[in-house]
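Single-structure report; data block below.
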Amino acid sequence: MSSGDHLPEDFLSGGGVVGALMRRHDWSASPLGPPESWPQSLRSVVGLLLNSKFPMFVAWGEALGFLYNDAYAEILAAKHPAALGARFHDIWSEIWADIWPLIEAAMAGQATYRQDLPLVMNRHGYDEQTWFTFSYSPVRDETGKVAGMFCAVTETTQRMLDARRQAFLFEADSVLRDLDDAGEILRRSAEMLGRHFAADRVHWAWIDEPGGLFRVEEEWTRPGAPGLRGEHQLDSFGAPLIDEMRRGRTMAVRDLAADRLAASDRAAEAFGPELRAALSVPLFRGERWRAALCVHVFEPRAWRPDEQLLIREFAERAWTRAERARAEARVRASEQRLRALVNATSDVVYRMSPDWRELRRLDGRGFLADTESPSVAWMDDYVPDEDRAHIQAAVQAAVENRSVFQLEHRVRRADGTVGWTFSRAVPVFDARGEIVEWFGAATDITHRKTTEEHLRLMVNELNHRVKNSLATVQGIAAQTLRRNEVSPEVREALTARLLALAAAHDVLTDERWRGAEIGDLVNAVTAPYAAADGGRPFLVSGPSLYVPPRIAIALALALHELATNAGKYGALSAPGGRVYIDWTVEIEEELLRLRLVWREEGGPPVAAPTRTGFGSRLIQRGLSAELGGKAELHFRPEGLVCEMEALLTGLPDNWSVDGALI
């Protein structure tokens with residue numbers, strides 16, 4: 001009977017896609033014959049299964065003609081719709097040896113049941129492992145004779161594959177968990193995967209995208225199979241496949257020779273002519289492609305979705321475990337270095353809680369008392385009462401700013417006396433950027449502080465005596481000049497010069513004779529020449545710079561002579577006169593060259609003197625020698641200009657050009 005030349009039977013009504021297919025099917029080639037010839041017993045079973053949502057089929061007659069419903073069509077996959085009405089054996093020949101005994105029992109009148117029966121089927125064009133739970137029941141005709149068999153079946157393949165995948169991953173985790181070497185983790189994981197999939201080669205590849213290379217260092221091979229250690233071109237499988245991996249997709253090649261995207265010639269050259277199937281999982285960290293896990297097989301092989309899922313999941317787990325092992329190894333190495341450093345130093349070392357409420361441990365090294373168990377009373381134990389507020393403020397600032405804590409402060413020593421320490425602690429962060437603790441070291445600076453205090457007292461005493469000496473010199477000079485009937489102008493000049501020297505001395509004293517800040521020096525020397533209304537006729541500019549004592553005194557005397565001259569004959573002698581004092585600093589190799597310019601404006605016209613006075617000689621001769629540079633006077637009509645240069649040599653390492661001692 002051909003398609004469309006008969007009306008559908010009532011028992012074939014409904015049934016979805018397969019029911020419609022049965023109604024228009026050409027049954028002439030089927031051992032079952034046309035539906036109108038089927039016995040009522042078969043019609044009843046067919047009507048039942050067509051209207052069921054559960055996978056069912058019936059095999060009828062000596063040839064076991066095959067009928068099924070929509071749900072079972074999904075199990076047949078590519079065998080549908082050709083299986084409709086065909087012989088049972090012709091449909092499932094690949095599993096016939098496994099199921100024939102059960103069929104035979106059912107046809108003999110004995111029902112059977114199997115749970116999770118493993119069967120290797122070929123329903124997608126390749127062999128695949130499947131599992132089914134089903135029952136075979138005999139079906140009798142109107143005479144009571146067994147004429148066929150009925151099956152209700154459910155496929156449990158996915159559940160079994162999930163269970164097998166989880167079992168494999170659990171076993172792998174238990175093995176890899178005990179390994180702490182990253183290389184060993186990768187080698188063992190490659191071996192486990194290779195044996196599980198009966199592969200010929202499994203390797204881990206490190207990706208160098210900028211260089212277009214990948215490097216194999218850790219791999220497993222089947223005995224006799226060639227390895228791939230070393231560097232290879234990244235696009236050896238073909239650029240299209242590598243582009244897929246760059247997008248984070250797994251590369252699955254069933255047959256290298258037949259894959260239209262694969263560069264089979266280049267792959268054979270790079271990986272050997274024996275390679276036929278491959279599966280590669282790209283591994284990313286952030287946006288960067290870091291590595292790949294590659295499984296190679298030397299014969300064509302279809303990669304089922306569940307297999308790809310297992311390899312992807314396994315690759316991520318093993319790679320993460322290896323990265324953790326690397327990180328732990330780095331931490332162990334860092335801890336070893338830290339222990340070596342701690343053992344090598346004489347400094348106190350300590351650990352604090354994130355908020356500094358708790359001192360977790362302190363190794364006092366004889367300077368401070370040890371704290372071996374956590375303590376919240378550390379402030380009471382180590383810090384004098386009057387210093388606690390100062391230290392607490394510094395701690396709070398470090399915690400709030402998540403910055404380094406460092407402070408010089410007093411501390412109660414192991415013997416109960418009070419000493420000094422320089423304490424410095426850094427925050428330790430976890431992977432989320434949260435502070436987990438503070439690690440610090442404290443140096444005993446008691447001797448330094450005691451020495452500094454003694455030095456301060458000695459310098460203060462010396463300053464006091466020098467000032468007394470200057471006052472004595474000034475008194476002797478005044479008496480001597482009066483007795484010898486020296487003019488008042490000479491006496492005033494000498495006194496002013498001694499005062500300028502004293503002003504420079506005061507600036508140097510403030511810095512304990514380590515040097516003087518040039519701006520402070522200029523202001524101190526020119527202060528006596530301020531305008532009567534309190535204004536300043538001096539316009540001063542230049543970078544902050546510390547100069548050594550010798551140069552500071554020379555500059556002070558020179559500036560005094562210039563200011564005195566300006567007050568008598570120059571810009572300061574006329575209303576509205578101004579003096580510009582500017583300086584710059586140039587770096588020449590490892591030396592600093594100071595250039596200072598005194599420039600007057602708004603005073604009487606200037607002419608070169610007919611004779612050289614003491615002030616000019618002091619500046620042009622004495623100053624040049626002291627400065628190690630030059631000092632020149634230019635008598636311009638609009639105002640006197642003095643240019644001075646000083647070479648700053650012999651500066652200590654902690655001098656800076658930005659106005660601070662560092």
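Just remember, in the structure tokens the first chain shown is A, the second B, etc., residues are 1-based per chain, and ligands are 1-based in the order shown.
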Next on the checklist: DSSP on the backbone: which residues in segment 142-376 of chain A end up as strand (DSSP E)? Give the answer as number ranges by chain.
Outcome noted: A: 146-155, 201-208, 213-221, 230-233, 251-253, 277-285, 288-297, 348-352, 359-363
Residue selection dump (C-alpha atoms) as a PDB file, in the first residue's frame:
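This is the output file again_38.pdb:
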ATOM      1  CA  VAL A 146       3.137 -15.190  22.328  1.00  0.00           C
ATOM      2  CA  ALA A 147       3.266 -13.211  19.090  1.00  0.00           C
ATOM      3  CA  GLY A 148       5.489 -10.332  20.116  1.00  0.00           C
ATOM      4  CA  MET A 149       7.181  -8.420  22.902  1.00  0.00           C
ATOM      5  CA  PHE A 150       6.565  -5.038  24.482  1.00  0.00           C
ATOM      6  CA  CYS A 151       9.213  -2.746  25.982  1.00  0.00           C
ATOM      7  CA  ALA A 152       8.968   0.274  28.252  1.00  0.00           C
ATOM      8  CA  VAL A 153      12.396   1.868  28.462  1.00  0.00           C
ATOM      9  CA  THR A 154      14.222   4.870  29.892  1.00  0.00           C
ATOM     10  CA  GLU A 155      17.709   5.929  28.937  1.00  0.00           C
ATOM     11  CA  ARG A 201      49.168  11.552  24.401  1.00  0.00           C
ATOM     12  CA  VAL A 202      48.066  14.232  26.872  1.00  0.00           C
ATOM     13  CA  HIS A 203      50.007  17.404  27.531  1.00  0.00           C
ATOM     14  CA  TRP A 204      49.779  20.834  29.104  1.00  0.00           C
ATOM     15  CA  ALA A 205      50.726  23.729  26.840  1.00  0.00           C
ATOM     16  CA  TRP A 206      51.819  27.190  27.992  1.00  0.00           C
ATOM     17  CA  ILE A 207      50.607  29.839  25.562  1.00  0.00           C
ATOM     18  CA  ASP A 208      52.736  32.706  24.225  1.00  0.00           C
ATOM     19  CA  LEU A 213      54.008  29.859  20.173  1.00  0.00           C
ATOM     20  CA  PHE A 214      53.022  27.273  22.717  1.00  0.00           C
ATOM     21  CA  ARG A 215      55.418  25.341  24.917  1.00  0.00           C
ATOM     22  CA  VAL A 216      54.957  21.784  26.191  1.00  0.00           C
ATOM     23  CA  GLU A 217      56.725  21.012  29.468  1.00  0.00           C
ATOM     24  CA  GLU A 218      54.462  18.522  31.232  1.00  0.00           C
ATOM     25  CA  GLU A 219      52.963  15.555  29.352  1.00  0.00           C
ATOM     26  CA  TRP A 220      52.000  11.893  29.472  1.00  0.00           C
ATOM     27  CA  THR A 221      52.321   9.480  26.558  1.00  0.00           C
ATOM     28  CA  GLY A 230      59.403  21.933  23.447  1.00  0.00           C
ATOM     29  CA  GLU A 231      58.045  24.882  21.487  1.00  0.00           C
ATOM     30  CA  HIS A 232      55.590  24.714  18.584  1.00  0.00           C
ATOM     31  CA  GLN A 233      53.728  27.144  16.354  1.00  0.00           C
ATOM     32  CA  MET A 251      38.694  22.565  20.080  1.00  0.00           C
ATOM     33  CA  ALA A 252      37.385  19.086  19.231  1.00  0.00           C
ATOM     34  CA  VAL A 253      38.722  17.409  16.073  1.00  0.00           C
ATOM     35  CA  ALA A 277      41.899  13.152  16.725  1.00  0.00           C
ATOM     36  CA  ALA A 278      42.446  15.899  19.268  1.00  0.00           C
ATOM     37  CA  LEU A 279      40.615  17.793  21.954  1.00  0.00           C
ATOM     38  CA  SER A 280      42.116  20.975  23.440  1.00  0.00           C
ATOM     39  CA  VAL A 281      40.692  23.054  26.293  1.00  0.00           C
ATOM     40  CA  PRO A 282      41.884  26.700  26.533  1.00  0.00           C
ATOM     41  CA  LEU A 283      42.540  28.030  30.025  1.00  0.00           C
ATOM     42  CA  PHE A 284      42.194  31.723  30.775  1.00  0.00           C
ATOM     43  CA  ARG A 285      43.026  33.893  33.740  1.00  0.00           C
ATOM     44  CA  ARG A 288      44.622  36.374  29.088  1.00  0.00           C
ATOM     45  CA  TRP A 289      44.923  32.961  27.430  1.00  0.00           C
ATOM     46  CA  ARG A 290      47.468  31.257  29.659  1.00  0.00           C
ATOM     47  CA  ALA A 291      47.459  27.533  28.870  1.00  0.00           C
ATOM     48  CA  ALA A 292      45.685  24.597  27.245  1.00  0.00           C
ATOM     49  CA  LEU A 293      45.108  20.942  28.074  1.00  0.00           C
ATOM     50  CA  CYS A 294      45.405  18.787  24.944  1.00  0.00           C
ATOM     51  CA  VAL A 295      44.324  15.162  24.445  1.00  0.00           C
ATOM     52  CA  HIS A 296      45.657  13.373  21.324  1.00  0.00           C
ATOM     53  CA  VAL A 297      44.463  10.093  19.817  1.00  0.00           C
ATOM     54  CA  VAL A 348      62.345  43.105  67.316  1.00  0.00           C
ATOM     55  CA  VAL A 349      59.720  41.471  65.077  1.00  0.00           C
ATOM     56  CA  TYR A 350      56.001  41.499  65.782  1.00  0.00           C
ATOM     57  CA  ARG A 351      52.571  40.755  64.300  1.00  0.00           C
ATOM     58  CA  MET A 352      49.406  42.750  64.916  1.00  0.00           C
ATOM     59  CA  LEU A 359      49.410  41.873  69.515  1.00  0.00           C
ATOM     60  CA  ARG A 360      49.607  38.363  68.101  1.00  0.00           C
ATOM     61  CA  ARG A 361      53.291  37.737  68.718  1.00  0.00           C
ATOM     62  CA  LEU A 362      56.460  39.658  69.533  1.00  0.00           C
ATOM     63  CA  ASP A 363      60.046  38.419  69.595  1.00  0.00           C
TER      64      ASP A 363
END
Item to check | Residues near segment 628-640 of chain A, cut-off 6 Å, only C-alpha atoms, skip fewer than 5 positions along chain, as a list of chain:residue names | outcome: A:Glu600, A:Glu601, A:Pro605, A:Val606, A:Ala607, A:Ala608, A:Gln620, A:Glu645, A:Ala646, A:Leu647
Next on the checklist: Considering only C-alpha atoms, can you say which of A:Leu596, A:Val547, A:Glu561, A:Arg188 comes closest to Leu648 of chain A?
Outcome noted: A:Val547
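Every residue of segment 357-429 of chain A found in helix (DSSP H, G or I) when DSSP is run on the backbone appears here: A:Trp378, A:Met379, A:Asp380, A:Asp381, A:Tyr382, A:Asp385, A:Glu386, A:Asp387, A:Arg388, A:Ala389, A:His390, A:Ile391, A:Gln392, A:Ala393, A:Ala394, A:Val395, A:Gln396, A:Ala397, A:Ala398, A:Val399, A:Glu400, A:Asn401.
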Next on the checklist: I'd like the contact shell of Ala442 of chain A - 9 Å cut-off, only C-alpha atoms, skipping same-chain residues fewer than 6 positions apart - returned as JSON, numbers by chain.
Outcome noted: {"A": [347, 348, 349, 350, 364, 421, 422, 423, 424, 425]}
Go ahead and dump the residues you just picked, N, CA and C atoms, as a short mmCIF file (atom, residue, chain, number, x, y, z; two decimals), in the first residue's frame.
data_model
loop_
_atom_site.label_atom_id
_atom_site.label_comp_id
_atom_site.auth_asym_id
_atom_site.auth_seq_id
_atom_site.Cartn_x
_atom_site.Cartn_y
_atom_site.Cartn_z
N ASP A 347 66.68 43.01 65.12
CA ASP A 347 65.49 43.81 65.37
C ASP A 347 64.40 42.99 66.05
N VAL A 348 63.57 43.69 66.80
CA VAL A 348 62.35 43.10 67.32
C VAL A 348 61.40 42.86 66.14
N VAL A 349 60.73 41.73 66.11
CA VAL A 349 59.72 41.47 65.08
C VAL A 349 58.40 41.19 65.78
N TYR A 350 57.30 41.66 65.14
CA TYR A 350 56.00 41.50 65.78
C TYR A 350 54.91 41.40 64.73
N GLY A 364 61.16 39.79 71.25
CA GLY A 364 61.82 41.00 71.73
C GLY A 364 63.32 41.04 71.58
N THR A 421 62.61 53.34 70.39
CA THR A 421 62.59 52.41 69.26
C THR A 421 62.09 53.12 68.01
N PHE A 422 62.56 52.65 66.86
CA PHE A 422 61.97 53.03 65.58
C PHE A 422 61.18 51.83 65.10
N SER A 423 59.86 51.97 65.06
CA SER A 423 58.97 50.86 64.72
C SER A 423 58.36 51.09 63.35
N ARG A 424 58.36 50.03 62.55
CA ARG A 424 57.79 50.11 61.20
C ARG A 424 57.02 48.82 60.92
N ALA A 425 55.76 48.96 60.48
CA ALA A 425 54.92 47.79 60.19
C ALA A 425 54.19 47.99 58.87
#
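If you look at atom CA of Ala172 of chain A and atom CA of Phe314 of chain A, they are 8.4 Å away from each other.
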Next on the checklist: If I take atom CA of Ala190 of chain A and atom CA of Glu313 of chain A, how far is one from the other in Å, to one decimal?
Outcome noted: 13.5 Å
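Atom CA of Glu94 of chain A sits 26.1 Å away from atom CA of Leu50 of chain A.
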Item to check | Distance query segment 373-379 of chain A at most 12 Å, only C-alpha atoms, self and fewer than 2 positions along chain excluded, as an MDAnalysis selection string | outcome: chainID A and resid 350:353 355:363 368:371 381:392 395 410:412
Emit the selected residues as a compact mmCIF listing (two decimals), in the first residue's frame, including N, CA and C atoms.
# COMPACT_ATOMS: atom_id res chain seq x y z
N TYR A 350 57.30 41.66 65.14
CA TYR A 350 56.00 41.50 65.78
C TYR A 350 54.91 41.40 64.73
N ARG A 351 53.75 40.87 65.15
CA ARG A 351 52.57 40.75 64.30
C ARG A 351 51.38 41.33 65.06
N MET A 352 50.58 42.12 64.32
CA MET A 352 49.41 42.75 64.92
C MET A 352 48.14 42.32 64.17
N SER A 353 47.00 42.36 64.87
CA SER A 353 45.72 42.09 64.22
C SER A 353 45.40 43.23 63.25
N ASP A 355 43.16 45.46 63.09
CA ASP A 355 42.83 46.75 63.71
C ASP A 355 43.81 47.16 64.81
N TRP A 356 44.86 46.40 65.01
CA TRP A 356 45.90 46.68 66.00
C TRP A 356 45.40 46.53 67.44
N ARG A 357 44.25 45.96 67.64
CA ARG A 357 43.79 45.77 69.01
C ARG A 357 44.58 44.67 69.71
N GLU A 358 45.03 43.71 68.91
CA GLU A 358 45.68 42.54 69.49
C GLU A 358 47.10 42.39 68.96
N LEU A 359 48.04 42.24 69.87
CA LEU A 359 49.41 41.87 69.51
C LEU A 359 49.46 40.35 69.46
N ARG A 360 49.67 39.81 68.26
CA ARG A 360 49.61 38.36 68.10
C ARG A 360 50.89 37.67 68.55
N ARG A 361 52.01 38.33 68.31
CA ARG A 361 53.29 37.74 68.72
C ARG A 361 54.36 38.82 68.64
N LEU A 362 55.33 38.74 69.56
CA LEU A 362 56.46 39.66 69.53
C LEU A 362 57.70 38.93 70.03
N ASP A 363 58.75 38.97 69.22
CA ASP A 363 60.05 38.42 69.59
C ASP A 363 60.95 39.59 69.95
N LEU A 368 63.00 44.01 74.17
CA LEU A 368 61.67 44.06 74.76
C LEU A 368 61.30 42.67 75.28
N ALA A 369 60.34 42.63 76.18
CA ALA A 369 59.87 41.35 76.68
C ALA A 369 59.11 40.62 75.57
N ASP A 370 59.27 39.30 75.48
CA ASP A 370 58.60 38.51 74.45
C ASP A 370 57.10 38.41 74.75
N THR A 371 56.30 38.33 73.68
CA THR A 371 54.88 38.00 73.77
C THR A 371 54.64 36.83 72.83
N ASP A 381 51.73 47.05 78.37
CA ASP A 381 52.97 46.32 78.63
C ASP A 381 54.21 47.03 78.10
N TYR A 382 54.06 47.74 76.98
CA TYR A 382 55.25 48.23 76.28
C TYR A 382 55.38 49.75 76.21
N VAL A 383 54.29 50.50 76.39
CA VAL A 383 54.33 51.93 76.10
C VAL A 383 54.11 52.74 77.37
N PRO A 384 54.98 53.72 77.66
CA PRO A 384 54.75 54.61 78.81
C PRO A 384 53.44 55.38 78.66
N ASP A 385 52.81 55.70 79.78
CA ASP A 385 51.49 56.33 79.77
C ASP A 385 51.45 57.59 78.92
N GLU A 386 52.46 58.45 79.06
CA GLU A 386 52.41 59.75 78.39
C GLU A 386 52.60 59.66 76.88
N ASP A 387 53.01 58.52 76.36
CA ASP A 387 53.25 58.37 74.91
C ASP A 387 52.12 57.65 74.19
N ARG A 388 51.12 57.14 74.89
CA ARG A 388 50.12 56.26 74.27
C ARG A 388 49.23 56.99 73.28
N ALA A 389 48.81 58.19 73.61
CA ALA A 389 47.93 58.94 72.70
C ALA A 389 48.64 59.21 71.37
N HIS A 390 49.91 59.56 71.44
CA HIS A 390 50.69 59.84 70.23
C HIS A 390 50.81 58.59 69.36
N ILE A 391 51.09 57.46 69.98
CA ILE A 391 51.23 56.21 69.23
C ILE A 391 49.88 55.76 68.68
N GLN A 392 48.82 55.89 69.48
CA GLN A 392 47.50 55.47 69.03
C GLN A 392 47.05 56.28 67.82
N VAL A 395 48.86 54.90 64.80
CA VAL A 395 48.29 53.60 64.44
C VAL A 395 46.96 53.80 63.71
N ARG A 410 59.03 56.21 72.50
CA ARG A 410 59.60 55.59 73.69
C ARG A 410 58.90 54.26 73.96
N VAL A 411 59.62 53.37 74.64
CA VAL A 411 59.09 52.03 74.88
C VAL A 411 59.66 51.50 76.19
N ARG A 412 58.89 50.65 76.84
CA ARG A 412 59.35 50.04 78.09
C ARG A 412 60.16 48.79 77.75
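In terms of minimum interatomic distance to Val139 of chain A, A:Phe57 ranks closest within A:Phe57, A:Asp70, A:Gln115, A:His124, counting only C-alpha atoms.
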Long-range neighbours of Glu323 of chain A as a tab-separated table (two decimals) with C-alpha atoms, in the first residue's frame, 12 Å cut-off, only C-alpha atoms, 2 positions minimum in chain:
chain	number	residue	atom	x	y	z
A	180	ASP	CA	52.27	19.93	46.47
A	181	ASP	CA	54.50	20.26	43.40
A	182	ALA	CA	52.84	22.00	40.44
A	183	GLY	CA	54.79	20.00	37.86
A	184	GLU	CA	53.88	16.70	39.49
A	185	ILE	CA	50.21	17.74	39.64
A	186	LEU	CA	50.17	18.43	35.90
A	283	LEU	CA	42.54	28.03	30.02
A	285	ARG	CA	43.03	33.89	33.74
A	290	ARG	CA	47.47	31.26	29.66
A	291	ALA	CA	47.46	27.53	28.87
A	315	ALA	CA	41.35	20.86	33.14
A	316	GLU	CA	40.06	23.76	35.24
A	317	ARG	CA	40.38	21.78	38.47
A	318	ALA	CA	43.88	20.48	37.78
A	319	TRP	CA	45.15	23.85	36.51
A	320	THR	CA	43.68	25.65	39.52
A	321	ARG	CA	45.27	23.08	41.84
A	325	ALA	CA	50.56	24.73	44.48
A	326	ARG	CA	52.76	27.31	42.75
A	327	ALA	CA	51.37	30.05	44.98
A	328	GLU	CA	51.86	27.90	48.08
A	329	ALA	CA	55.43	27.16	46.98
A	330	ARG	CA	56.06	30.88	46.58
Item to check | Counting only C-alpha atoms, the residue of A:Gly602, A:Phe271, A:Gly65, A:Gly19 that sits nearest Ser52 of chain A | outcome: A:Gly19
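Proximity of A:Ala554, A:Ile91, A:Leu241, A:Leu341 to Ala78 of chain A, computed with only C-alpha atoms, is greatest for A:Ile91.
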